[in-house]
Each structure stands twice: as C-alpha cells, then as structure tokens.
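A short worksheet on the structure shown next.
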Amino acid sequence: MKVHTRIRRWGGALLLLGATVAAAGCGGGGDSGGASSGPLKVDKTPVTITLRHPWTGDEKKIFEQTLQGFHDKYPWITVKTIGYPDSDTFDQQIVIKTINAGDPPDAFLSFGPDYVGQYCSSGLWQDLSTYMKRDNISIDDFAQAALTYTNFDGKQCALPSLTDSFGLYYNKDLFAKAGITAPPKTMTELMDDAKKLTQRNPDGSIKVAGFVPLQDWGQQGISDLARMWGAQWFDDSGKPAFASDPNWAAAMQWQKELVDWYGYDNIAKFFQSYNGNEFSASNALETGKVAMMFDGEWRTAFIKREHPELNYDTAFMPAADSDPNLYGAARVGGTIVGIPKGSPHPDQAWLLVKYLSHDPAYLVPMANAVGNVPTTAESAGSPDLALPPQFHTFIDVWNNADSSFSPPLTPSGAGYAKLLSDFDNKWVAGKVSDLQSGLTTLDSDVENQLQLGEAP
Amino acid sequence: MRKYAFVALLLSPWIIGFLAFQLIPMALSFYYSFTHYDIISSPKWIGLSNYKFMFGIGGAQDPYYMTGVKNTLWIIAFGVPLRIATGMATAMLLTRPRRGTNVYRTLFFMPSVAPRVGAALVFVYLLNPIGPFNQLLDAVPGISPPLWFGDPQWAKPALLFVGIWGVGDAIVLYMAGLLNIPKQLYEAIAIEGANAWQRFRHVTLPMLTPVIFFSLIIGVIDGFQYFDQAYIASGPASGNHDLGDPQNSLLFYGIWLYEQAFRYFHMGYAAAMAWVMFVAIMICTAVLLLTSKRWVHYGGGGLS
C-alpha cells in the first residue's frame with residue numbers, strides 16, 4: 001500500500017541529505033544524442049506544458065535539473081512543474097480533483113501506484129498504447145513486473161519511472177561469527193540461520209535477532225513472505241484467496257514457528273524498540289541488531305551514508321523449499337507517470353512521459369541521485385550508472401518475471417490489504433485459534449471492503 | 001422596505017457563507033450518505049446500505065467500525081476528566097497570590113497557542129522509544145520505560161500527555177471562574193470552621209460547576225472528533241506504517257472516517273459515518289444538558 005510512497009518521501013528525502021548531492025553535477029543529462037527517437041511529424045510550435053511531480057527538497061532540485069535535458073532535446077517545449085501539497089496522502093486527491101474540475105496538468109508524475117487500477121478503469125489517465133506503438137516503445141523495454149502496476153484491465157495508462165524493489169540484506173560479520181558462509185536460499189535455511197544468528201540476553205530477551213518475521217517490520221509484510229510460497233491474493237474468478245490458496249497458511253505457519261521460537265513477547269518487544277528507527281541511523285540492520293532484513297534498494301545508499309563501516313551484502317529473498325523457482329522474485333513498484341484525461345497538450349505530454357519513463361538521459365542520473373532502481377533495460381545497463389555492487393540484486397529482482405507489485409491493483413485502491421496485515425498480527429500473537437476459519441473470515445472481510453468500493 | 005434590503009445586504013456575506021460552506025455541504029453529505037460515491041463517477045443511490053454495513057445489520061459489518069468507536073470512547077473517558085482535573089488544579093495554583101504570577105500564567109497558557117500538529121510532533125519526538133523522556137526514565141532504577149507510540153498498550157495514554165500539555169485554554173476559563181467566586185462565601189464558611197477540603201468541596205467546586213460543565217461539553221465534542229494528534233502519532237513520524245497504528249490502537253473514529261473518505265474514496269460511507277457521529281454528539285450533548293440541572297450551579301441564588 002502506501003509503503004512505497006512513504007519510502008520515497010521519507011527515505012528519499014533523508015538520503016539526499018547525504019553524499020548523493022554530488023550526483024547533481026551530472027544531472028544535466030545533455031548527452032542524449034538529440035531527438036532521434038521523436039516522432040517524425042512534430043508540431044514544433046513553442047508551447048509550455050505543465051507537469052505535477054511529487055519530488056521535494058534536494059530531490060526536487062535534482063529532478064528539475066535532470067528535467068532540463070528534456071528541454072534540450074525538445075527545445076520548443078517548456079515544462080512548468082507544480083508540486084503536490086503532500087505527496088504521501090494527496091497525490092490521488094489532486095489527480096482526481098484537477099481532472100474532475102477540467103483543469104488537469106498535461107502530465108502527472110506520482111509516487112502512488114496503488115491507484116493505477118482506479119486511474120485506468122475510470123479513464124482518469126489515458127491509455128498510452130497508441131503512442132507507445134507509434135514510437136516503438138514496448139512494455140518489454142521495461143520489465144514484466146511493470147505490467148502489475150501500470151496496466152489494469154488491459155489499459156496501459158501509466159509507465160514506470162524508476163522503482164523500488166526488495167531483497168534480503170545480511171550482516172557478513174554476524175554471519176561469520178555464526179559460521180554461516182552463504183545467505184539462505186530457502187525458507188528452511190532462513191529459519192535455521194535466523195536461529196543461529198540470534199543472541200539473547202540473560203533474561204531471555206533478544207539482543208540480536210537473526211530475522212524478524214513480523215508484519216510491518218520495516219518494509220516487510222506477510223504478503224512478502226507468502227509470495228515466496230507462490231501465494232495469490234485473488235483466485236481466477238477475482239475472489240480473495242487467503243483461505244483457498246494453501247500457501248498463505250503455509251507462510252503463516254512458518255512465520256508463527258519462528259515467532260514462537262523467539263517467544264511472542266520477546267519478539268514484539270524487540271519490534272517495538274527498533275521499528276521506529278527504520279529511517280534513522282539507529283536502524284536495526286545498520287547497527288547490527290538484526291542479522292538479516294527484508295528491505296528496499298534505497299538501504300544501500302543509507303548504509304553508505306550512515307554506516308559505511310557495515311560489512312553487508314544483499315541477496316534474493318529465500319523461496320519456500322517447495323518453490324525454488326521463485327528465488328529471485330520479490331515485490332517491486334515505484335513512481336509512475338501518465339497523461340490525464342483532458343490534458344491540454346497530450347502529444348507534447350507524451351514526449352515528456354517518454355522522456356521520464358524511457359530515456360536513459362533522465363533515468364540514469366536520477367537513479368544515481370535518489371538511489372532507486374532504473375526501470376528500463378537500457379538504463380540499467382548504462383555504464384554511467386554509479387551504484388554500489390550490493391545494488392545489483394535489486395535490478396535483478398526488478399527484471400525477474402515473477403516479481404510484481406502488491407497488493408494487486410483494484411478499481412478501489414489497496415485499502416483491503418490492511419485487513420490482511422491486521423489478521424496476521426493477531427495470528428502471530430496467538431489470538432487466532434483456528435487459522436483456516438480465520439482466513440475464511442478474512443476472505444469475506446476483504447470481499448466486503450472491495451464491494452464497498454464497487455459501484456452498485 | 002429599503003431598510004430590509006440594507007439589512008439583507010449587510011447580512012449577505014454571512015448568509016452566502018453559511019449557504020455555501022455549511023448548509024449546502026451538510027445537505028449534500030446527508031444525501032451522499034445514502035449513496036455509493038467515489039468522487040470520480042456521480043453518486044448512486046443505495047438506500048441504507050452504508051448504515052447497515054456500519055452496524056452489521058442484515059449482513060456484513062465494517063470490521064474496523066467498532067474499533068474506532070471504542071478508541072474514541074476511551075479517549076473521551078480518560079482525556080476529558082483528566083483535562084478538567086489538571087486545568088482546575090493548575091488554575092487554583094495560579095490564582096494564589098504570589099510573586100511572578102503573570103509569568104507563570106503566561107508559561108502555562110503558552111502551549112495551548114501551539115498548533116496541535118506541532119505539539120503532537122514534539123511529543124512523538126520526546127516519547128520516542130530511545131528519546132529524551134525514556135532516557136530520563138532509564139536513569140530511574142527499577143523502571144523499564146514503555147515504548148509509548150510503539151506499543152498498542154501505551155499509545156493512547158501517551159496521547160493524554162499532549163492533551164494535558166495543551167490545557168492552557170481550560171486554565172484560563174477556570175481562573176476566570178475562580179476569580180469570580182465572591183470572597184464572602186469563603187469568609188462565611190471559614191467562620192463555620194471549615195478546613196481547606198471543605199472550602200473546596202462546598203464553595204470552590206459548586207461555584208466552578210458552570211465552567212466544568214462547559215469544558216465537559218466542549219471536551220466531549222472534541223473527543224468525538226479526535227484526529228490531529230492521532231494522525232501525527234500513528235503516522236511515519238513515529239515510525240508507524242499506517243494511520244491507526246500501532247495495531248489499530250490509535251484508529252479513532254475520525255481517523256477511520258478520514259481513511260474511508262480520502263484513502264479509499266468511499267465518500268458515501270464516510271458521509272454516513274459523519275452523520276452517525278453528528279447524531280451521537282447531539283445525543284451526548286442533550287444528555288449532559290439534561291443532567292446539568294442536577295449538578296451545575298449558577299451563581300446569583302446564593303448557596304443552597
């Protein structure tokens with residue numbers, strides 16, 4: 001849900017306080033080789049188009065510098081940028097209100113892929129397929145996973161413009177101390193390693209946790225664990241599948257086993273003590289309080305700035321023993337760009353959308369500056385990409401065909417995911433006596449929530 | 001006739017404002033509460049469905065509705081009396097003649113000038129699990145400091161601090177009330193040999209009941225609409241992921257209403273929730289007004 005957007009706003013802004021401002025120097029991006037990929041019959045009447053974008057602070061400066069490359073490429077188009085009042089909560093409100101009022105900008109950049117289902121199904125954002133076909137841009141230029149949050153009901157109403165992706169961070173010093181030589185690849189190994197890596201205080205409380213399996217620990221949700229079993233949110237008929245897909249129960253059993261091994265009170269106390277420091281230099285992974293952690297690509301930049309001494313590496317999230325083919329997949333999802341219904345200059349806006357989603361002249365310096373994953377194969381392979389070696393895990397996750405955005409898009413947003421989170425919190429706390437019947441109730445709660453959003 | 005036209009002209013800014021910003025929006029929200037409305041498409045009439053879903057009548061119930069109700073009742077039950085007690089106690093201290101009274105009065109009033117959001121942010125910082133307040137508590141042997149906004153058991157109590165800290169507005173009212181109590185009453189009861197407690201119980205308290213009554217009503221209404229502080233404390237500033245965190249302990253009625261309206265765009269349902277809240281506030285206020293005859297004492301008639 002808004003996890004993604006929150007990262008951008010907090011993570012990104014914090015990150016920029018650090019060393020990456022230096023990257024602004026290469027933000028001009030004027031080396032794109034001209035407008036060779038532009039359409040042939042172009043109206044070159046000078047025009048000013050507007051773009052709503054959510055970047056703030058130092059990131060905004062870099063964004064606007066990098067955007068200058070667009071004007072260099074299409075000198076007859078001047079881009080005027082407008083911000084959002086609060087990119088965390090108001091993106092979709094601004095989108096809806098400006099479109100409804102008949103006064104939308106020419107293009108939107110937004111941190112919130114949660115609402116793409118709504119934008120596509122209601123026609124709030126235009127289908128870009130015609131433009132893409134004309135300019136020979138295929139969704140394959142990005143990654144399969146891009147479809148899961150830019151396309152809904154067959155309408156390609158948005159394109160990705162940098163993304164987040166997730167993997168397993170691990171502390172190599174703690175690994176060496178515990179005699180573990182390689183990161184876990186299966187859930188059984190993850191559980192074993194977690195136990196080996198855990199250190200306790202004399203009173204039984206946790207001093208160092210091997211792996212914290214709880215919902216909302218950092219960026220992790222139960223769905224991030226369950227996907228490694230292949231769990232599906234909805235069945236083929238579109239009904240919630242928490243009870244009918246046995247992988248949910250399998251993941252929750254795994255999770256509960258590890259929680260019970262720690263003792264729920266111990267792990268809950270540990271969670272409460274450290275979870276609030278996720279975006280500070282006291283972060284549990286960065287300070288050696290946890291040995292392994294599920295986290296996003298931006299953490300590499302955080303570590304570089306806050307704890308360059310940390311001896312760490314990244315790996316794919318381990319897969320269930322029964323599904324080794326899922327090793328390498330994880331959740332992805334990030335900034336989207338699109339053209340609203342009623343855009344005054346849709347053709348010029350498309351050139352901008354193309355630049356922001358597809359042009360290495362934008363994607364590479366911006367990825368370097370904000371530490372997000374570049375979203376096209378071309379930009380990910382660019383020699384100008386200056387990201388730490390640990391970062392490559394995340395580019396690979398983005399390109400894995402089984403990676404996807406979650407929770408899955410619906411026409412009424414992602415609010416239903418809260419029901420799953422809350423259920424899982426109760427489950428690990430031992431407040432669910434019968435898992436299967438609990439999951440059945442969860443199914444109907446999600447169904448009801450979604451119905452509330454559906455027009456009668 | 002021209003006189004009326006002139007009056008109407010003078011009144012028109014208010015009338016237009018009232019119609020545009022109060023009456024029409026209220027009427028519309030009442031209508032929306034019987035519709036499915038997602039802002040994008042026009043509202044569709046669905047009768048009482050929103051209200052039924054809220055209370056689980058004849059079908060499914062919103063699983064978070066009662067959570068919101070319970071949390072809201074909690075904050076009213078504890079927050080309102082606490083604010084009354086601290087406001088009154090502080091006012092009594094501040095009305096004692098001593099040097100520098102005005103300085104103290106200013107100091108105690110100042111926090112209530114701060115915006116609630118700012119105040120909440122300050123407390124989120126102070127009550128961070130490893131923040132300044134817990135560092136102080138750590139120094140006390142035998143105390144293991146709570147995690148405040150990180151712990152579902154302590155999150156609501158932590159919010160009470162914000163309320164008490166900003167009690168300055170109530171202090172001013174109580175001070176005015178205290179200074180209005182005729183000296184003769186204290187003299188009279190002193191002659192009868194009353195001690196400090198009896199003076200408080202039989203003079204101060206009865207004479208303050210109108211102020212207490214006022215803060216009670218305002219406090220209950222504010223409590224129903226409790227939002228700003230919870231919005232901050234359950235948000236990213238305190239490391240929580242979702243409005244209402246930790247574990248829905250801060251999911252107040254207003255927070256859930258906001259989520260339904262502006263996160264999920266269930267405007268019809270949110271409007272229905274708002275109307276139920278409105279009716280609940282009306283009922284509570286009416287009940288308080290009815291009981292007030294028994295315990296609120298308005299001066300002028302002397303002590304009975």
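By order in the structure tokens, chains are A, B, ...; within a chain, residues start at 1; ligands start at 1, following the order shown.
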Check every residue of chain B for an atom within 8 Å of chain A, counting only C-alpha atoms, and provide those that qualify as an mmCIF file with N, CA, C and O atoms, in the first residue's frame.
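As a result, selection_27.cif now contains:
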data_model
loop_
_atom_site.group_PDB
_atom_site.id
_atom_site.type_symbol
_atom_site.label_atom_id
_atom_site.label_comp_id
_atom_site.auth_asym_id
_atom_site.auth_seq_id
_atom_site.Cartn_x
_atom_site.Cartn_y
_atom_site.Cartn_z
ATOM 1 N N HIS B 36 -23.557 5.394 -3.107
ATOM 2 C CA HIS B 36 -22.188 4.979 -3.374
ATOM 3 C C HIS B 36 -21.541 6.118 -4.144
ATOM 4 O O HIS B 36 -22.016 6.500 -5.205
ATOM 5 N N TYR B 37 -20.468 6.680 -3.616
ATOM 6 C CA TYR B 37 -19.881 7.855 -4.244
ATOM 7 C C TYR B 37 -18.369 7.788 -4.105
ATOM 8 O O TYR B 37 -17.839 7.718 -3.003
ATOM 9 N N ASP B 38 -17.682 7.766 -5.262
ATOM 10 C CA ASP B 38 -16.224 7.658 -5.210
ATOM 11 C C ASP B 38 -15.533 8.895 -5.782
ATOM 12 O O ASP B 38 -14.365 8.838 -6.141
ATOM 13 N N ILE B 39 -16.244 9.993 -5.892
ATOM 14 C CA ILE B 39 -15.780 11.272 -6.434
ATOM 15 C C ILE B 39 -15.651 11.239 -7.959
ATOM 16 O O ILE B 39 -15.908 12.221 -8.617
ATOM 17 N N ILE B 40 -15.234 10.079 -8.492
ATOM 18 C CA ILE B 40 -14.980 10.038 -9.936
ATOM 19 C C ILE B 40 -16.289 9.993 -10.711
ATOM 20 O O ILE B 40 -16.527 10.786 -11.600
ATOM 21 N N LYS B 44 -24.494 7.139 -6.637
ATOM 22 C CA LYS B 44 -25.606 6.237 -6.963
ATOM 23 C C LYS B 44 -26.346 5.870 -5.690
ATOM 24 O O LYS B 44 -25.729 5.465 -4.709
ATOM 25 N N ILE B 46 -28.060 4.045 -2.871
ATOM 26 C CA ILE B 46 -28.058 2.658 -2.401
ATOM 27 C C ILE B 46 -28.831 2.525 -1.092
ATOM 28 O O ILE B 46 -28.635 1.584 -0.328
ATOM 29 N N ALA B 60 -22.891 -8.092 6.395
ATOM 30 C CA ALA B 60 -21.534 -7.896 6.888
ATOM 31 C C ALA B 60 -21.392 -6.576 7.628
ATOM 32 O O ALA B 60 -22.125 -5.628 7.376
ATOM 33 N N ASP B 62 -18.551 -3.570 8.876
ATOM 34 C CA ASP B 62 -17.220 -2.981 8.765
ATOM 35 C C ASP B 62 -16.385 -3.443 9.969
ATOM 36 O O ASP B 62 -16.711 -3.116 11.108
ATOM 37 N N PRO B 63 -15.308 -4.208 9.729
ATOM 38 C CA PRO B 63 -14.575 -4.782 10.859
ATOM 39 C C PRO B 63 -13.854 -3.741 11.717
ATOM 40 O O PRO B 63 -13.419 -4.059 12.819
ATOM 41 N N ASN B 128 9.802 9.075 21.867
ATOM 42 C CA ASN B 128 10.459 8.048 21.061
ATOM 43 C C ASN B 128 11.025 6.972 22.000
ATOM 44 O O ASN B 128 11.484 7.296 23.088
ATOM 45 N N PRO B 129 10.950 5.687 21.594
ATOM 46 C CA PRO B 129 11.461 4.632 22.488
ATOM 47 C C PRO B 129 12.860 4.910 23.045
ATOM 48 O O PRO B 129 13.161 4.547 24.180
ATOM 49 N N ILE B 130 13.702 5.560 22.237
ATOM 50 C CA ILE B 130 15.026 5.890 22.767
ATOM 51 C C ILE B 130 15.188 7.402 22.893
ATOM 52 O O ILE B 130 16.294 7.925 22.892
ATOM 53 N N LEU B 147 7.149 1.940 25.568
ATOM 54 C CA LEU B 147 7.554 2.356 24.222
ATOM 55 C C LEU B 147 6.568 3.335 23.603
ATOM 56 O O LEU B 147 6.635 3.639 22.434
ATOM 57 N N GLY B 150 4.982 3.220 20.178
ATOM 58 C CA GLY B 150 5.340 1.964 19.547
ATOM 59 C C GLY B 150 4.554 0.792 20.113
ATOM 60 O O GLY B 150 4.606 -0.313 19.587
ATOM 61 N N ASP B 151 3.851 1.010 21.189
ATOM 62 C CA ASP B 151 3.221 -0.082 21.913
ATOM 63 C C ASP B 151 1.711 0.160 21.990
ATOM 64 O O ASP B 151 1.288 1.215 22.474
ATOM 65 N N PRO B 236 4.086 8.256 9.913
ATOM 66 C CA PRO B 236 5.501 7.940 9.726
ATOM 67 C C PRO B 236 6.415 8.618 10.736
ATOM 68 O O PRO B 236 7.496 8.110 11.024
ATOM 69 N N SER B 238 6.367 8.704 13.803
ATOM 70 C CA SER B 238 6.700 7.848 14.928
ATOM 71 C C SER B 238 7.064 6.448 14.461
ATOM 72 O O SER B 238 7.068 5.508 15.236
ATOM 73 N N GLY B 239 7.348 6.307 13.195
ATOM 74 C CA GLY B 239 7.794 5.008 12.690
ATOM 75 C C GLY B 239 6.664 4.039 12.450
ATOM 76 O O GLY B 239 6.887 2.874 12.167
ATOM 77 N N ASN B 240 5.427 4.495 12.550
ATOM 78 C CA ASN B 240 4.297 3.610 12.275
ATOM 79 C C ASN B 240 3.987 3.620 10.785
ATOM 80 O O ASN B 240 4.284 4.576 10.082
ATOM 81 N N HIS B 241 3.376 2.562 10.332
ATOM 82 C CA HIS B 241 3.175 2.415 8.903
ATOM 83 C C HIS B 241 1.858 2.952 8.429
ATOM 84 O O HIS B 241 1.734 3.444 7.336
ATOM 85 N N GLN B 247 -1.109 -1.279 15.822
ATOM 86 C CA GLN B 247 -2.163 -2.290 15.877
ATOM 87 C C GLN B 247 -3.539 -1.706 16.147
ATOM 88 O O GLN B 247 -4.292 -2.179 16.988
ATOM 89 N N PHE B 262 -10.707 9.537 2.212
ATOM 90 C CA PHE B 262 -9.638 10.076 1.383
ATOM 91 C C PHE B 262 -8.577 9.061 1.003
ATOM 92 O O PHE B 262 -7.699 9.355 0.212
ATOM 93 N N ARG B 263 -8.591 7.895 1.593
ATOM 94 C CA ARG B 263 -7.672 6.862 1.146
ATOM 95 C C ARG B 263 -8.400 5.890 0.227
ATOM 96 O O ARG B 263 -7.908 5.491 -0.813
ATOM 97 N N TYR B 264 -9.626 5.520 0.626
ATOM 98 C CA TYR B 264 -10.359 4.523 -0.155
ATOM 99 C C TYR B 264 -11.422 5.146 -1.055
ATOM 100 O O TYR B 264 -12.032 4.448 -1.854
ATOM 101 N N PHE B 265 -11.676 6.433 -0.852
ATOM 102 C CA PHE B 265 -12.690 7.131 -1.647
ATOM 103 C C PHE B 265 -14.077 6.520 -1.514
ATOM 104 O O PHE B 265 -14.843 6.477 -2.454
ATOM 105 N N HIS B 266 -14.381 6.010 -0.335
ATOM 106 C CA HIS B 266 -15.749 5.573 -0.055
ATOM 107 C C HIS B 266 -16.486 6.762 0.555
ATOM 108 O O HIS B 266 -16.788 6.779 1.736
#
**Message:** I need the residues of stretch 165-359 of chain A that end up classed as alpha helix (DSSP H) by DSSP on the backbone, written out as a PyMOL selection string.
**Reply:** chain A and resi 172-177+187-197+222-226+246-262+264-274+299-306+346-358
**Message:** So, with only C-alpha atoms as the atoms that count, which of A:Ser379, A:Ser244, A:Gln156, A:Ser343 lies closest to A:Leu356?
**Reply:**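 Of the candidates, the smallest distance to A:Leu356 is held by A:Ser379.
Residue nearest B:Gly87, chosen from B:Asp245, B:Glu259, B:Asp169, B:Asp138 and counting only C-alpha atoms: B:Asp169.
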**Item:** Among listed residues B:Ile217, B:Leu185, B:Met54, B:Leu82, nearest B:Gln260 (using only C-alpha atoms)
**Value:** B:Met54
**Asked** Could you state the separation of atom CA of A:Pro365 and atom CA of A:Ile336 in Å, given to one decimal place?
**Response** 17.4 Å
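Using only C-alpha atoms for every distance, the candidate list A:Val353, A:Ala320, A:Met293, A:Ala243 yields A:Val353 as the residue closest to A:His53.
Distances here use only C-alpha atoms; by that measure, the residue among B:Ala114, B:Leu243, B:Ile189, B:Leu178 closest to B:Val162 is B:Ala114.
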**Residue with smallest distance to B:Pro246 - pool A:Ile137, A:Gly167, A:Ala319, A:Gln215, counting only C-alpha atoms** =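 Of A:Ile137, A:Gly167, A:Ala319, A:Gln215, the one nearest B:Pro246 is A:Gln215, counting only C-alpha atoms.
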